[in-house]
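Q: File name work03.pdb; file contents PDB, C-alpha atoms, pLDDT in the B column; full text below.
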ATOM      1  CA  MET O   1     105.325  13.127  91.228  1.00 43.00           C
ATOM      2  CA  SER O   2     105.590  12.980  87.461  1.00 45.00           C
ATOM      3  CA  PRO O   3     104.353  15.826  85.265  1.00 48.00           C
ATOM      4  CA  GLU O   4     101.826  13.532  83.556  1.00 45.00           C
ATOM      5  CA  VAL O   5      99.641  13.091  86.639  1.00 47.00           C
ATOM      6  CA  PRO O   6      97.989  16.547  86.572  1.00 60.00           C
ATOM      7  CA  HIS O   7      97.517  16.262  82.800  1.00 66.00           C
ATOM      8  CA  GLY O   8      95.927  12.886  83.279  1.00 83.00           C
ATOM      9  CA  ARG O   9      93.472  14.119  85.869  1.00 91.00           C
ATOM     10  CA  THR O  10      92.673  17.175  83.811  1.00 93.00           C
ATOM     11  CA  THR O  11      92.152  15.188  80.615  1.00 94.00           C
ATOM     12  CA  ILE O  12      89.879  12.680  82.335  1.00 96.00           C
ATOM     13  CA  ALA O  13      87.909  15.451  84.055  1.00 96.00           C
ATOM     14  CA  ILE O  14      87.495  17.464  80.846  1.00 96.00           C
ATOM     15  CA  THR O  15      86.258  14.458  78.876  1.00 97.00           C
ATOM     16  CA  LEU O  16      83.746  13.615  81.600  1.00 98.00           C
ATOM     17  CA  LEU O  17      82.563  17.251  81.741  1.00 98.00           C
ATOM     18  CA  ILE O  18      82.137  17.315  77.961  1.00 97.00           C
ATOM     19  CA  SER O  19      80.117  14.099  78.199  1.00 98.00           C
ATOM     20  CA  LEU O  20      77.872  15.714  80.817  1.00 98.00           C
ATOM     21  CA  VAL O  21      77.322  18.720  78.542  1.00 97.00           C
ATOM     22  CA  LEU O  22      76.496  16.426  75.608  1.00 96.00           C
ATOM     23  CA  SER O  23      74.023  14.582  77.835  1.00 95.00           C
ATOM     24  CA  VAL O  24      71.977  17.709  78.540  1.00 94.00           C
ATOM     25  CA  MET O  25      72.257  19.529  75.213  1.00 94.00           C
ATOM     26  CA  PRO O  26      68.871  20.238  73.647  1.00 93.00           C
ATOM     27  CA  MET O  27      67.689  17.877  70.934  1.00 91.00           C
ATOM     28  CA  PRO O  28      64.587  17.830  68.767  1.00 92.00           C
ATOM     29  CA  GLU O  29      61.705  16.204  70.606  1.00 87.00           C
ATOM     30  CA  ASN O  30      61.348  13.340  68.118  1.00 85.00           C
ATOM     31  CA  LEU O  31      65.057  12.403  68.535  1.00 86.00           C
ATOM     32  CA  GLN O  32      65.101  12.629  72.331  1.00 84.00           C
ATOM     33  CA  TYR O  33      64.770   8.864  72.801  1.00 82.00           C
ATOM     34  CA  PHE O  34      67.821   8.251  70.590  1.00 87.00           C
ATOM     35  CA  ARG O  35      70.100  10.394  72.783  1.00 91.00           C
ATOM     36  CA  LEU O  36      73.394   8.616  73.280  1.00 94.00           C
ATOM     37  CA  GLN O  37      74.515   7.806  76.811  1.00 96.00           C
ATOM     38  CA  TRP O  38      77.637   9.955  76.465  1.00 97.00           C
ATOM     39  CA  THR O  39      78.596   9.911  80.116  1.00 98.00           C
ATOM     40  CA  ALA O  40      78.329   6.139  80.314  1.00 98.00           C
ATOM     41  CA  LEU O  41      80.399   5.720  77.141  1.00 98.00           C
ATOM     42  CA  VAL O  42      83.195   7.995  78.386  1.00 98.00           C
ATOM     43  CA  LEU O  43      83.128   6.361  81.804  1.00 98.00           C
ATOM     44  CA  ILE O  44      83.357   2.885  80.265  1.00 98.00           C
ATOM     45  CA  TYR O  45      86.407   3.932  78.264  1.00 98.00           C
ATOM     46  CA  TRP O  46      88.264   5.358  81.260  1.00 98.00           C
ATOM     47  CA  CYS O  47      87.323   2.399  83.488  1.00 97.00           C
ATOM     48  CA  MET O  48      88.631   0.052  80.813  1.00 97.00           C
ATOM     49  CA  ALA O  49      91.805   2.021  80.086  1.00 96.00           C
ATOM     50  CA  LEU O  50      92.718   3.148  83.626  1.00 96.00           C
ATOM     51  CA  PRO O  51      90.760   1.067  86.152  1.00 96.00           C
ATOM     52  CA  GLU O  52      93.132   2.038  88.973  1.00 95.00           C
ATOM     53  CA  ARG O  53      92.253   5.734  88.484  1.00 94.00           C
ATOM     54  CA  VAL O  54      88.634   5.687  87.311  1.00 96.00           C
ATOM     55  CA  GLY O  55      86.241   3.300  88.977  1.00 96.00           C
ATOM     56  CA  VAL O  56      83.035   2.966  90.910  1.00 98.00           C
ATOM     57  CA  GLY O  57      83.578   6.099  93.013  1.00 97.00           C
ATOM     58  CA  ILE O  58      84.091   8.293  89.964  1.00 97.00           C
ATOM     59  CA  GLY O  59      81.075   6.626  88.317  1.00 97.00           C
ATOM     60  CA  PHE O  60      78.922   7.397  91.336  1.00 98.00           C
ATOM     61  CA  PHE O  61      80.095  11.030  91.546  1.00 98.00           C
ATOM     62  CA  VAL O  62      79.597  11.649  87.808  1.00 98.00           C
ATOM     63  CA  GLY O  63      76.206   9.946  88.055  1.00 97.00           C
ATOM     64  CA  LEU O  64      75.178  12.332  90.836  1.00 98.00           C
ATOM     65  CA  LEU O  65      76.248  15.272  88.672  1.00 98.00           C
ATOM     66  CA  LEU O  66      74.183  13.853  85.801  1.00 97.00           C
ATOM     67  CA  ASP O  67      71.189  13.439  88.140  1.00 97.00           C
ATOM     68  CA  ILE O  68      71.473  17.082  89.166  1.00 97.00           C
ATOM     69  CA  LEU O  69      71.844  18.291  85.577  1.00 96.00           C
ATOM     70  CA  THR O  70      68.943  16.243  84.198  1.00 93.00           C
ATOM     71  CA  GLY O  71      66.620  16.680  87.163  1.00 92.00           C
ATOM     72  CA  THR O  72      66.087  12.960  87.691  1.00 90.00           C
ATOM     73  CA  LEU O  73      65.750  11.249  91.033  1.00 92.00           C
ATOM     74  CA  LEU O  74      68.975  11.871  92.958  1.00 94.00           C
ATOM     75  CA  GLY O  75      71.028   8.691  92.678  1.00 94.00           C
ATOM     76  CA  GLN O  76      69.254   7.215  89.663  1.00 95.00           C
ATOM     77  CA  HIS O  77      72.077   7.781  87.184  1.00 96.00           C
ATOM     78  CA  ALA O  78      74.616   7.307  89.973  1.00 97.00           C
ATOM     79  CA  PHE O  79      73.294   3.797  90.594  1.00 97.00           C
ATOM     80  CA  GLY O  80      73.484   2.775  86.931  1.00 97.00           C
ATOM     81  CA  LEU O  81      76.901   4.328  86.314  1.00 98.00           C
ATOM     82  CA  SER O  82      78.277   2.712  89.475  1.00 98.00           C
ATOM     83  CA  VAL O  83      77.089  -0.716  88.358  1.00 98.00           C
ATOM     84  CA  ILE O  84      78.529  -0.434  84.849  1.00 97.00           C
ATOM     85  CA  SER O  85      81.769   1.006  86.279  1.00 98.00           C
ATOM     86  CA  PHE O  86      82.030  -2.003  88.582  1.00 98.00           C
ATOM     87  CA  ILE O  87      81.413  -4.474  85.752  1.00 98.00           C
ATOM     88  CA  THR O  88      83.923  -2.705  83.496  1.00 98.00           C
ATOM     89  CA  VAL O  89      86.639  -2.577  86.152  1.00 98.00           C
ATOM     90  CA  LYS O  90      86.120  -6.253  87.006  1.00 98.00           C
ATOM     91  CA  THR O  91      86.299  -7.373  83.356  1.00 97.00           C
ATOM     92  CA  HIS O  92      88.716  -4.811  81.874  1.00 97.00           C
ATOM     93  CA  LYS O  93      91.630  -7.238  81.427  1.00 96.00           C
ATOM     94  CA  ARG O  94      89.547  -9.569  79.269  1.00 96.00           C
ATOM     95  CA  VAL O  95      87.634  -6.914  77.371  1.00 96.00           C
ATOM     96  CA  ARG O  96      90.702  -4.853  76.408  1.00 93.00           C
ATOM     97  CA  VAL O  97      92.069  -7.741  74.339  1.00 95.00           C
ATOM     98  CA  PHE O  98      88.803  -8.219  72.440  1.00 95.00           C
ATOM     99  CA  PRO O  99      88.621  -6.951  68.868  1.00 96.00           C
ATOM    100  CA  LEU O 100      86.730  -3.668  68.581  1.00 96.00           C
ATOM    101  CA  TRP O 101      83.568  -5.310  67.268  1.00 96.00           C
ATOM    102  CA  GLN O 102      83.401  -7.563  70.352  1.00 97.00           C
ATOM    103  CA  GLN O 103      84.084  -4.580  72.600  1.00 97.00           C
ATOM    104  CA  SER O 104      81.151  -2.870  70.871  1.00 98.00           C
ATOM    105  CA  VAL O 105      78.864  -5.736  71.810  1.00 98.00           C
ATOM    106  CA  PHE O 106      80.129  -5.614  75.406  1.00 98.00           C
ATOM    107  CA  VAL O 107      79.612  -1.838  75.562  1.00 98.00           C
ATOM    108  CA  ALA O 108      76.102  -2.131  74.116  1.00 98.00           C
ATOM    109  CA  LEU O 109      75.267  -4.716  76.780  1.00 98.00           C
ATOM    110  CA  LEU O 110      76.613  -2.412  79.499  1.00 98.00           C
ATOM    111  CA  LEU O 111      74.517   0.440  78.126  1.00 97.00           C
ATOM    112  CA  TYR O 112      71.462  -1.843  78.163  1.00 96.00           C
ATOM    113  CA  VAL O 113      72.208  -2.675  81.816  1.00 96.00           C
ATOM    114  CA  ASP O 114      72.346   1.053  82.568  1.00 95.00           C
ATOM    115  CA  ARG O 115      69.071   1.652  80.721  1.00 93.00           C
ATOM    116  CA  LEU O 116      67.396  -1.313  82.424  1.00 92.00           C
ATOM    117  CA  LEU O 117      68.404  -0.057  85.871  1.00 93.00           C
ATOM    118  CA  PHE O 118      67.137   3.428  84.976  1.00 91.00           C
ATOM    119  CA  VAL O 119      63.761   2.029  83.865  1.00 89.00           C
ATOM    120  CA  TRP O 120      63.591  -0.202  86.942  1.00 91.00           C
ATOM    121  CA  VAL O 121      64.071   2.772  89.280  1.00 91.00           C
ATOM    122  CA  ASP O 122      61.476   4.740  87.278  1.00 87.00           C
ATOM    123  CA  GLY O 123      59.043   1.853  87.727  1.00 87.00           C
ATOM    124  CA  THR O 124      59.612   1.615  91.471  1.00 89.00           C
ATOM    125  CA  ILE O 125      58.816   5.301  91.970  1.00 88.00           C
ATOM    126  CA  GLY O 126      55.720   5.131  89.765  1.00 87.00           C
ATOM    127  CA  ARG O 127      56.906   6.888  86.623  1.00 84.00           C
ATOM    128  CA  PRO O 128      55.572   5.604  83.293  1.00 82.00           C
ATOM    129  CA  ALA O 129      57.648   3.040  81.432  1.00 72.00           C
ATOM    130  CA  ALA O 130      60.135   4.171  78.800  1.00 71.00           C
ATOM    131  CA  MET O 131      59.118   4.214  75.175  1.00 73.00           C
ATOM    132  CA  LEU O 132      60.283   1.389  72.947  1.00 73.00           C
ATOM    133  CA  GLU O 133      62.411   3.870  70.971  1.00 73.00           C
ATOM    134  CA  SER O 134      64.551   4.608  74.036  1.00 78.00           C
ATOM    135  CA  TRP O 135      65.999   1.100  73.807  1.00 86.00           C
ATOM    136  CA  ALA O 136      67.706   2.055  70.520  1.00 91.00           C
ATOM    137  CA  ALA O 137      70.179   4.417  72.221  1.00 93.00           C
ATOM    138  CA  PRO O 138      72.306   1.642  73.778  1.00 96.00           C
ATOM    139  CA  LEU O 139      72.554  -0.038  70.385  1.00 96.00           C
ATOM    140  CA  LEU O 140      73.690   3.253  68.837  1.00 96.00           C
ATOM    141  CA  GLY O 141      76.254   3.616  71.625  1.00 97.00           C
ATOM    142  CA  GLY O 142      77.637   0.198  70.802  1.00 97.00           C
ATOM    143  CA  LEU O 143      77.802   1.090  67.120  1.00 97.00           C
ATOM    144  CA  ILE O 144      79.850   4.248  67.693  1.00 97.00           C
ATOM    145  CA  TRP O 145      82.132   2.588  70.260  1.00 98.00           C
ATOM    146  CA  PRO O 146      84.964   1.742  67.811  1.00 97.00           C
ATOM    147  CA  TRP O 147      85.307   5.399  66.788  1.00 97.00           C
ATOM    148  CA  LEU O 148      85.074   6.640  70.368  1.00 97.00           C
ATOM    149  CA  PHE O 149      87.655   4.089  71.460  1.00 97.00           C
ATOM    150  CA  ILE O 150      90.116   5.204  68.773  1.00 97.00           C
ATOM    151  CA  ILE O 151      89.570   8.905  69.537  1.00 97.00           C
ATOM    152  CA  PHE O 152      90.012   8.434  73.276  1.00 97.00           C
ATOM    153  CA  ARG O 153      93.027   6.160  72.870  1.00 96.00           C
ATOM    154  CA  ASP O 154      94.719   8.816  70.729  1.00 96.00           C
ATOM    155  CA  LEU O 155      93.752  11.497  73.241  1.00 95.00           C
ATOM    156  CA  ARG O 156      95.171   9.410  76.085  1.00 95.00           C
ATOM    157  CA  ARG O 157      98.437   8.899  74.209  1.00 94.00           C
ATOM    158  CA  ARG O 158      98.734  12.530  73.116  1.00 94.00           C
ATOM    159  CA  PHE O 159      98.325  13.863  76.659  1.00 92.00           C
ATOM    160  CA  HIS O 160     100.291  11.005  78.274  1.00 92.00           C
ATOM    161  CA  VAL O 161      97.435   9.975  80.546  1.00 92.00           C
ATOM    162  CA  ARG O 162      98.642   7.087  82.735  1.00 86.00           C
TER     163      ARG O 162
END
Rewrite the structure from the file as structure tokens, please.

A:
Amino acid sequence: MSPEVPHGRTTIAITLLISLVLSVMPMPENLQYFRLQWTALVLIYWCMALPERVGVGIGFFVGLLLDILTGTLLGQHAFGLSVISFITVKTHKRVRVFPLWQQSVFVALLLYVDRLLFVWVDGTIGRPAAMLESWAAPLLGGLIWPWLFIIFRDLRRRFHVR
């Protein structure tokens, strides 16, 4: 076993844990609907960069952790993160060769899929529909994607994550 494997697992785990912390950090009430989907963004990166190591199973597990941390219906985030993990893994070869602006559009669409699934589950259990402002967060996620991609790519190279 090469020495990079434990570093790789540790680096991936730490980035996902940081994304979970960012997802539950307190925000002012009026900005709550603009909260970025940090966990989904980090998961999309790792599914795109290392689909053989991070996939649907990791997405489901991280989604369950996010459900527990946020107090939502158990499986609600897990469902959405599993779906976007699946789509990312299935399309990673095509998407990785896109320019960053096209990747941003793809990521924004994935984040909208996640949000749509979240709202759909809320609707089926009788919770009120999401505010119109909450649909801005996926767009913001797509806009910051190029910077996140560059940061994570450098992190992956620095720690030799393979």

Q: Taking the file as shown, what set of residues would the PyMOL selection byres ((chain O and resi 155) around 12) give back, as a list in words?

A: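 For this structure, the PyMOL selection byres ((chain O and resi 155) around 12) captures His7, Gly8, Thr11, Ile12, Ile14, Thr15, Tyr45, Trp46, Ala49, Leu148, Phe149, Ile150, Ile151, Phe152, Arg153, Asp154, Arg156, Arg157, Arg158, Phe159, His160, Val161 and Arg162 of chain O.
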
Q: I'd like the residues picked by the PyMOL selection byres ((chain O and resi 58) around 12) written out as a PyMOL selection string, using the chain letters and numbers from the file.

A: chain O and resi 9+12-13+16+39-40+42-44+46-47+50-57+59-65+78-79+81-86+89

Q: For the file shown, what are the residues hit by the PyMOL selection byres ((chain O and resi 140) around 10), laid out as JSON, numbers by chain?

A: {"O": [34, 35, 36, 37, 104, 108, 111, 135, 136, 137, 138, 139, 141, 142, 143, 144, 145]}

Q: How would the residues just chosen look if you wrote them out with C-alpha atoms as a PDB file, in the coordinates of the input?

A:
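Writing the result to again19.pdb gives the following:
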ATOM      1  CA  PHE O  34      67.821   8.251  70.590  1.00 87.00           C
ATOM      2  CA  ARG O  35      70.100  10.394  72.783  1.00 91.00           C
ATOM      3  CA  LEU O  36      73.394   8.616  73.280  1.00 94.00           C
ATOM      4  CA  GLN O  37      74.515   7.806  76.811  1.00 96.00           C
ATOM      5  CA  SER O 104      81.151  -2.870  70.871  1.00 98.00           C
ATOM      6  CA  ALA O 108      76.102  -2.131  74.116  1.00 98.00           C
ATOM      7  CA  LEU O 111      74.517   0.440  78.126  1.00 97.00           C
ATOM      8  CA  TRP O 135      65.999   1.100  73.807  1.00 86.00           C
ATOM      9  CA  ALA O 136      67.706   2.055  70.520  1.00 91.00           C
ATOM     10  CA  ALA O 137      70.179   4.417  72.221  1.00 93.00           C
ATOM     11  CA  PRO O 138      72.306   1.642  73.778  1.00 96.00           C
ATOM     12  CA  LEU O 139      72.554  -0.038  70.385  1.00 96.00           C
ATOM     13  CA  GLY O 141      76.254   3.616  71.625  1.00 97.00           C
ATOM     14  CA  GLY O 142      77.637   0.198  70.802  1.00 97.00           C
ATOM     15  CA  LEU O 143      77.802   1.090  67.120  1.00 97.00           C
ATOM     16  CA  ILE O 144      79.850   4.248  67.693  1.00 97.00           C
ATOM     17  CA  TRP O 145      82.132   2.588  70.260  1.00 98.00           C
TER      18      TRP O 145
END

Q: Which residues come within 12 Å of O:Phe98, counting only C-alpha atoms, excluding same-chain residues fewer than 6 positions away, as an NGL selection string?

A: :O and (48 or 91-92 or 104-107 or 146)

Q: Quick one: residues within 7 Å of stretch 115-128 of chain O, all atoms listed in the file, excluding same-chain residues fewer than 5 positions away - as number ranges by chain?

A: O: 76-77, 80

Q: Work out how far apart atom CA of O:Gln102 and atom CA of O:Ser134 are and give it in Å to one decimal.

A: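 About the pair atom CA of O:Gln102 and atom CA of O:Ser134: they are 22.7 Å apart.
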
Q: Any idea what the distance is between atom CA of O:Asp67 and atom CA of O:Leu31?

A: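 Atom-to-atom, atom CA of O:Asp67 to atom CA of O:Leu31, that is 20.6 Å.
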
Q: Expressed in Å to a single decimal, how great is the separation between atom CA of O:Ser23 and atom CA of O:Lys93?

A: 28.3 Å

Q: Write out as lines of an AutoDock Vina configuration file an axis-aligned box for stretch 72-77 of chain O: all of its atoms listed in the file, 4 Å added on each side, centre and edge lengths in Å with one decimal.

A:
center_x = 68.9
center_y = 10.1
center_z = 90.1
size_x = 14.3
size_y = 13.7
size_z = 13.8
